>>> print(open('work-v4.txt').read())   # compact mmCIF, C-alpha atoms
# COMPACT_ATOMS: atom_id res chain seq x y z
CA MET J 1 -23.13 -5.84 -3.07
CA LYS J 2 -20.82 -8.40 -4.70
CA VAL J 3 -17.59 -9.24 -2.86
CA LEU J 4 -14.65 -11.31 -4.09
CA PHE J 5 -12.13 -12.57 -1.53
CA ILE J 6 -8.82 -14.08 -2.67
CA GLY J 7 -7.02 -16.57 -0.40
CA ASP J 8 -3.39 -16.30 0.78
CA ILE J 9 -1.22 -15.25 -2.19
CA VAL J 10 2.11 -17.11 -1.99
CA GLY J 11 5.17 -15.61 -3.66
CA ASN J 12 5.79 -15.04 -7.34
CA THR J 13 3.71 -18.05 -8.38
CA GLY J 14 0.67 -16.71 -6.56
CA ARG J 15 1.18 -13.20 -7.90
CA LYS J 16 1.42 -14.58 -11.43
CA ALA J 17 -1.86 -16.48 -10.99
CA LEU J 18 -3.62 -13.40 -9.62
CA ARG J 19 -2.37 -11.21 -12.46
CA GLU J 20 -3.44 -13.72 -15.09
CA MET J 21 -6.84 -14.64 -13.70
CA LEU J 22 -8.19 -11.52 -12.03
CA PRO J 23 -9.56 -10.08 -15.29
CA SER J 24 -11.54 -13.29 -15.89
CA LEU J 25 -12.78 -13.36 -12.29
CA LYS J 26 -13.93 -9.76 -12.58
CA SER J 27 -15.70 -10.54 -15.85
CA LYS J 28 -17.50 -13.58 -14.40
CA TYR J 29 -18.51 -12.28 -10.97
CA GLN J 30 -18.66 -8.50 -11.53
CA PRO J 31 -17.51 -7.81 -7.94
CA HIS J 32 -17.90 -4.34 -6.52
CA ILE J 33 -15.08 -4.90 -4.01
CA ILE J 34 -12.09 -7.29 -4.13
CA ILE J 35 -10.11 -8.20 -1.00
CA ALA J 36 -7.01 -10.41 -0.94
CA ASN J 37 -4.81 -11.86 1.80
CA GLY J 38 -1.23 -10.80 1.06
CA GLU J 39 0.79 -11.96 4.07
CA ASN J 40 2.82 -14.44 1.97
CA ALA J 41 3.09 -12.37 -1.19
CA ALA J 42 6.82 -11.49 -0.95
CA ALA J 43 8.76 -14.75 -1.46
CA GLY J 44 6.31 -16.49 0.86
CA ARG J 45 6.82 -14.18 3.82
CA GLY J 46 5.31 -10.74 4.28
CA ILE J 47 4.62 -8.09 1.66
CA THR J 48 6.40 -5.08 0.17
CA SER J 49 5.08 -1.71 -0.89
CA ALA J 50 5.81 -2.53 -4.54
CA ILE J 51 3.79 -5.77 -4.36
CA ALA J 52 0.89 -4.10 -2.54
CA ASN J 53 0.78 -1.43 -5.25
CA GLU J 54 0.82 -4.14 -7.93
CA PHE J 55 -2.27 -5.68 -6.35
CA PHE J 56 -4.03 -2.32 -6.19
CA ASN J 57 -3.15 -1.59 -9.82
CA TRP J 58 -4.61 -4.96 -10.87
CA GLY J 59 -7.92 -4.15 -9.19
CA VAL J 60 -7.63 -5.37 -5.60
CA HIS J 61 -9.24 -2.84 -3.25
CA GLY J 62 -8.04 -4.06 0.14
CA ILE J 63 -5.32 -6.36 1.54
CA THR J 64 -5.44 -8.37 4.77
CA MET J 65 -2.45 -9.93 6.51
CA GLY J 66 -1.67 -12.45 9.30
CA ASN J 67 1.10 -13.94 11.41
CA HIS J 68 3.72 -13.21 8.73
CA THR J 69 2.87 -9.50 8.65
CA TRP J 70 6.30 -8.40 9.90
CA ASP J 71 8.49 -10.91 8.04
CA ASN J 72 9.46 -8.41 5.35
CA LYS J 73 10.86 -5.35 7.07
CA ASP J 74 9.80 -3.10 4.18
CA ILE J 75 6.33 -3.07 5.72
CA PHE J 76 7.43 -0.73 8.51
CA GLU J 77 8.11 1.93 5.87
CA PHE J 78 4.54 2.06 4.54
CA ILE J 79 1.96 0.26 6.72
CA ASP J 80 0.99 3.40 8.66
CA ASP J 81 0.44 5.33 5.42
CA GLU J 82 -1.52 2.70 3.48
CA PRO J 83 -5.16 2.65 4.65
CA ARG J 84 -6.11 -0.15 2.26
CA LEU J 85 -3.83 -2.67 4.02
CA ILE J 86 -4.70 -4.06 7.45
CA ARG J 87 -2.95 -6.42 9.88
CA PRO J 88 -4.52 -8.48 12.71
CA ALA J 89 -6.40 -6.12 14.99
CA ASN J 90 -5.57 -8.14 18.11
CA PHE J 91 -1.85 -7.40 17.95
CA PRO J 92 -0.72 -5.44 21.04
CA PRO J 93 -1.66 -1.75 21.40
CA GLY J 94 0.87 0.50 19.70
CA THR J 95 1.63 -1.97 16.90
CA PRO J 96 2.13 -0.18 13.56
CA GLY J 97 -0.73 -0.16 11.10
CA ARG J 98 -4.44 -0.74 11.62
CA GLY J 99 -6.60 -3.80 12.15
CA TYR J 100 -9.72 -2.66 10.31
CA THR J 101 -10.90 -0.13 7.78
CA ILE J 102 -13.73 0.70 5.40
CA ILE J 103 -13.06 0.08 1.72
CA LYS J 104 -14.98 2.26 -0.73
CA ALA J 105 -15.20 1.31 -4.41
CA ASN J 106 -17.72 1.33 -7.25
CA GLY J 107 -20.23 3.25 -5.15
CA LYS J 108 -20.16 0.64 -2.36
CA GLN J 109 -18.48 0.41 1.02
CA LEU J 110 -17.33 -2.66 2.93
CA GLY J 111 -15.88 -2.79 6.41
CA ILE J 112 -12.96 -5.23 6.61
CA VAL J 113 -11.49 -6.66 9.81
CA ASN J 114 -8.34 -8.79 10.21
CA LEU J 115 -8.06 -11.04 13.28
CA GLN J 116 -5.51 -13.70 14.25
CA GLY J 117 -6.33 -16.90 16.13
CA ARG J 118 -4.55 -18.05 19.28
CA THR J 119 -4.75 -21.85 19.00
CA PHE J 120 -1.36 -23.15 17.74
CA LEU J 121 -0.31 -19.55 17.06
CA PRO J 122 1.30 -16.91 19.33
CA ALA J 123 -0.97 -16.01 22.25
CA ILE J 124 -1.89 -12.45 21.39
CA ASP J 125 -5.05 -10.60 22.50
CA ASP J 126 -8.50 -12.20 22.41
CA PRO J 127 -9.78 -12.12 18.79
CA PHE J 128 -13.38 -12.65 19.90
CA ARG J 129 -13.48 -9.68 22.25
CA ILE J 130 -11.50 -7.39 19.93
CA GLY J 131 -13.50 -8.52 16.91
CA GLU J 132 -16.82 -7.88 18.60
CA GLU J 133 -15.78 -4.37 19.61
CA ILE J 134 -14.64 -3.53 16.08
CA VAL J 135 -17.68 -4.97 14.31
CA ASP J 136 -19.98 -3.07 16.68
CA GLU J 137 -18.13 0.12 15.76
CA LEU J 138 -18.17 -0.56 12.02
CA ARG J 139 -21.89 -1.35 12.01
CA GLN J 140 -22.55 2.27 12.90
CA LYS J 141 -21.17 3.16 9.45
CA THR J 142 -21.95 0.14 7.25
CA LYS J 143 -23.93 -3.08 7.60
CA CYS J 144 -21.60 -4.91 5.20
CA ILE J 145 -18.52 -6.25 6.99
CA LEU J 146 -15.95 -8.91 6.08
CA VAL J 147 -13.83 -10.60 8.75
CA ASP J 148 -10.63 -12.39 7.69
CA PHE J 149 -9.86 -14.73 10.59
CA HIS J 150 -6.25 -15.83 10.16
CA ALA J 151 -6.15 -18.94 12.32
CA GLU J 152 -4.87 -22.52 12.45
CA ALA J 153 -7.56 -24.52 14.25
CA THR J 154 -10.78 -25.30 12.41
CA SER J 155 -12.67 -25.31 15.71
CA GLU J 156 -11.56 -21.75 16.50
CA LYS J 157 -12.59 -20.60 13.02
CA ILE J 158 -16.01 -22.26 13.19
CA ALA J 159 -16.50 -20.73 16.63
CA MET J 160 -15.74 -17.29 15.18
CA GLY J 161 -18.26 -17.87 12.42
CA TYR J 162 -21.05 -18.57 14.91
CA PHE J 163 -19.84 -15.81 17.23
CA MET J 164 -20.10 -13.25 14.41
CA ASP J 165 -23.27 -14.71 12.85
CA GLY J 166 -25.73 -11.93 12.14
CA GLN J 167 -23.14 -9.23 12.90
CA ALA J 168 -20.50 -9.69 10.18
CA SER J 169 -21.63 -10.29 6.60
CA ILE J 170 -18.71 -12.62 5.78
CA VAL J 171 -16.37 -14.59 8.04
CA VAL J 172 -13.65 -16.28 6.00
CA GLY J 173 -10.65 -18.14 7.36
CA THR J 174 -7.10 -17.90 6.05
CA HIS J 175 -3.66 -19.26 7.05
CA THR J 176 -3.77 -23.03 6.36
CA HIS J 177 -3.47 -22.65 2.56
CA VAL J 178 -5.88 -25.59 2.20
CA GLN J 179 -9.38 -24.68 1.03
CA SER J 180 -12.19 -26.16 3.10
CA ASN J 181 -15.42 -27.50 1.64
CA ASP J 182 -17.92 -26.00 4.08
CA GLU J 183 -19.14 -22.75 2.57
CA VAL J 184 -22.50 -21.88 4.08
CA ILE J 185 -24.78 -19.02 5.01
CA LEU J 186 -25.23 -19.35 8.76
CA PRO J 187 -28.68 -18.94 10.40
CA GLY J 188 -28.12 -15.26 11.17
CA GLY J 189 -27.14 -14.44 7.59
CA THR J 190 -23.33 -14.59 7.73
CA ALA J 191 -21.50 -16.16 4.77
CA TYR J 192 -18.89 -18.52 6.20
CA LEU J 193 -15.92 -20.58 4.92
CA THR J 194 -13.41 -22.18 7.29
CA ASP J 195 -10.47 -21.52 4.95
CA ALA J 196 -10.36 -19.74 1.62
CA GLY J 197 -7.26 -21.67 0.54
CA MET J 198 -4.33 -20.12 -1.29
CA VAL J 199 -3.05 -18.73 -4.55
CA GLY J 200 0.24 -20.42 -5.34
CA SER J 201 1.93 -23.57 -6.56
CA ARG J 202 -0.14 -26.74 -6.35
CA GLU J 203 2.99 -28.85 -6.89
CA GLY J 204 4.73 -27.87 -3.66
CA ILE J 205 3.70 -28.06 0.00
CA LEU J 206 1.51 -25.10 0.94
CA GLY J 207 3.15 -23.21 -1.91
CA MET J 208 6.75 -23.97 -0.95
CA GLU J 209 9.23 -26.33 -2.62
CA LYS J 210 8.47 -29.80 -1.28
CA ASP J 211 12.05 -31.08 -0.89
CA ALA J 212 12.93 -28.48 1.73
CA VAL J 213 9.73 -29.15 3.67
CA LEU J 214 10.23 -32.93 3.50
CA TYR J 215 13.83 -32.51 4.69
CA LYS J 216 12.66 -30.61 7.77
CA PHE J 217 9.96 -33.17 8.62
CA THR J 218 12.22 -36.18 8.13
CA THR J 219 15.36 -34.82 9.84
CA GLN J 220 14.00 -32.19 12.28
CA LEU J 221 16.87 -29.97 11.12
CA PRO J 222 16.53 -26.35 9.95
CA SER J 223 15.58 -25.96 6.30
CA ARG J 224 15.21 -22.88 4.12
CA PHE J 225 11.78 -22.81 2.52
CA VAL J 226 11.59 -21.40 -1.02
CA VAL J 227 8.45 -20.63 -3.02
CA ASP J 228 7.69 -23.37 -5.53
CA GLU J 229 7.46 -22.30 -9.18
CA GLY J 230 5.16 -25.12 -10.33
CA LYS J 231 1.71 -24.83 -11.83
CA TRP J 232 -0.62 -22.66 -9.77
CA GLN J 233 -3.95 -23.00 -8.09
CA LEU J 234 -6.20 -20.07 -7.16
CA HIS J 235 -8.70 -20.28 -4.31
CA GLY J 236 -11.14 -17.76 -2.95
CA LEU J 237 -14.71 -16.88 -2.06
CA PHE J 238 -17.49 -14.94 -3.72
CA ALA J 239 -20.47 -13.57 -1.83
CA GLU J 240 -23.47 -11.36 -2.51
CA LEU J 241 -24.74 -9.15 0.32
CA ASP J 242 -27.99 -7.32 1.04
CA GLU J 243 -26.75 -3.79 1.70
CA ALA J 244 -29.80 -2.87 3.78
CA THR J 245 -29.25 -5.66 6.32
CA GLY J 246 -25.67 -6.75 5.76
CA LYS J 247 -26.83 -10.35 5.40
CA ALA J 248 -25.39 -12.65 2.75
CA THR J 249 -27.73 -13.92 0.04
CA ARG J 250 -25.19 -16.06 -1.84
CA VAL J 251 -21.82 -17.67 -1.11
CA GLU J 252 -19.62 -19.65 -3.47
CA LYS J 253 -16.07 -20.93 -3.10
CA ILE J 254 -13.69 -20.48 -6.03
CA ARG J 255 -11.23 -23.16 -7.19
CA MET J 256 -9.06 -22.68 -10.25
CA ARG J 257 -6.06 -24.64 -11.57
CA GLU J 258 -3.56 -23.60 -14.20
CA ASP J 259 -4.20 -25.20 -17.61
CA GLU J 260 -7.43 -26.77 -16.38
CA TRP J 261 -9.83 -23.87 -15.90
CA VAL J 262 -12.29 -22.66 -18.49
CA MET J 263 -14.12 -19.52 -17.44
CA SER J 264 -17.80 -19.79 -18.37
>>> encode(input="work-v4.txt", output="structure tokens")
Amino acid sequence: MKVLFIGDIVGNTGRKALREMLPSLKSKYQPHIIIANGENAAAGRGITSAIANEFFNWGVHGITMGNHTWDNKDIFEFIDDEPRLIRPANFPPGTPGRGYTIIKANGKQLGIVNLQGRTFLPAIDDPFRIGEEIVDELRQKTKCILVDFHAEATSEKIAMGYFMDGQASIVVGTHTHVQSNDEVILPGGTAYLTDAGMVGSREGILGMEKDAVLYKFTTQLPSRFVVDEGKWQLHGLFAELDEATGKATRVEKIRMREDEWVMS
């Protein structure tokens, strides 16, 4: 099975990049299933039903979220009715939506799990315990499982990679918007990348206009962050999985820049 994972999509700039480049990515990698993190897709905070449907229409099969899941209140109107969109599974019991699902496309099926870290983020439930329970459940239905670990600390992400090694097929980090350079297949067969990076402006700061971010850092006063409209970058991960075992046989990070990428 071939899986394409797209890093955090930030605002209109990120959506534009995804729309423009997804056909080329599909042509190059021939993925059976495409998953994208969409927690920043609506003006940098949250997602709307219209944007989620855009992604699905372009060929994305599943959407993961993170700590900005609830920033756009439109999500409460559709999250319970959209099985292809998941939010962190370690939110408190009774939270709207779901934290995992099985995506079926092109004759394949992939379990996807969304977890949120606790280091430097709100102290919600234990992602290791919750993640283990979910992966154990999913493995009764499919050996191929992707975990999007939306976390700040690299140590927590690396720990999750080793914790899930041999159980999840892919453990990929999101949230920092900075792609790491440590893609690897771990000893137990899990494809791992500390952070997939982002899809958004490369001329701002983590996809946002730099002046507002600089103002906040230099004055410690409130500042309204706005999505930067500069040239984009697109980051992600591609992996090939052995469907019989769920183990990864190939992992490759994806880095693309507007006006500089030539698809081979």
>>> residues_around(input="work-v4.txt", residues="Tyr29 of chain J", least_positions_apart="5", cutoff="9 Å", atoms="all atoms listed in the file", output="mmCIF file with C-alpha atoms, in the frame of the given file")
data_model
loop_
_atom_site.group_PDB
_atom_site.id
_atom_site.type_symbol
_atom_site.label_atom_id
_atom_site.label_comp_id
_atom_site.auth_asym_id
_atom_site.auth_seq_id
_atom_site.Cartn_x
_atom_site.Cartn_y
_atom_site.Cartn_z
ATOM 1 C CA LYS J 2 -20.820 -8.400 -4.700
ATOM 2 C CA VAL J 3 -17.590 -9.240 -2.860
ATOM 3 C CA LEU J 4 -14.650 -11.310 -4.090
ATOM 4 C CA SER J 24 -11.540 -13.290 -15.890
ATOM 5 C CA PHE J 238 -17.490 -14.940 -3.720
#
>>> residues_around(input="work-v4.txt", residues="Asp74 of chain J", least_positions_apart="3", cutoff="12 Å", atoms="only C-alpha atoms", output="ChimeraX atom specification")
/J:42,45-52,69-71,77-80
>>> residues_near_point(input="work-v4.txt", point="(-9.2, -1.9, 16.8)", cutoff="7 Å", atoms="all atoms listed in the file", output="list in words")
Ala89, Gly99, Tyr100, Ile130 and Ile134 of chain J
>>> atom_distance(input="work-v4.txt", atom1="atom CA of Leu193 of chain J", atom2="atom CA of Glu133 of chain J")
21.9 Å
>>> atom_distance(input="work-v4.txt", atom1="atom CA of Leu25 of chain J", atom2="atom CA of Gly200 of chain J")
16.4 Å
>>> residues_around(input="work-v4.txt", residues="segment 210-224 of chain J", least_positions_apart="5", cutoff="12 Å", atoms="all atoms listed in the file", output="ChimeraX atom specification")
/J:43-44,201-205,229-230
>>> closest_residue(input="work-v4.txt", among="J:Asp259, J:Asp125, J:Glu209, J:Glu240", to="Ile145 of chain J", atoms="all atoms listed in the file")
J:Glu240
>>> axis_aligned_box(input="work-v4.txt", around="segment 78-95 of chain J", padding_each_side="5 Å", output="JSON")
{"center_x": -0.9, "center_y": -1.6, "center_z": 11.8, "size_x": 20.9, "size_y": 23.8, "size_z": 29.1}
>>> closest_residue(input="work-v4.txt", among="J:Thr95, J:Thr142, J:Asn67, J:Asn53", to="Glu82 of chain J", atoms="all atoms listed in the file")
J:Asn53
>>> residues_near_point(input="work-v4.txt", point="(-1.4, -18.2, 0.8)", cutoff="7 Å", atoms="all atoms listed in the file", output="PyMOL selection string")
chain J and resi 7-10+40+175+177+197-200
>>> closest_residue(input="work-v4.txt", among="J:Gln109, J:Asn12, J:Asn181, J:Asn114", to="Ile33 of chain J", atoms="all atoms listed in the file")
J:Gln109
>>> closest_residue(input="work-v4.txt", among="J:Gly131, J:Pro93, J:Gly166, J:Pro31", to="Asn106 of chain J", atoms="all atoms listed in the file")
J:Pro31
>>> residues_around(input="work-v4.txt", residues="Ile102 of chain J", least_positions_apart="4", cutoff="9 Å", atoms="all atoms listed in the file", output="MDAnalysis selection string")
chainID J and resid 83:84 109:113 138 141:142 145
>>> closest_residue(input="work-v4.txt", among="J:Phe5, J:Arg118, J:Val60, J:Leu146", to="Glu252 of chain J", atoms="only C-alpha atoms")
J:Phe5
>>> closest_residue(input="work-v4.txt", among="J:Arg19, J:His150, J:Lys26, J:His32", to="Asp195 of chain J", atoms="only C-alpha atoms")
J:His150
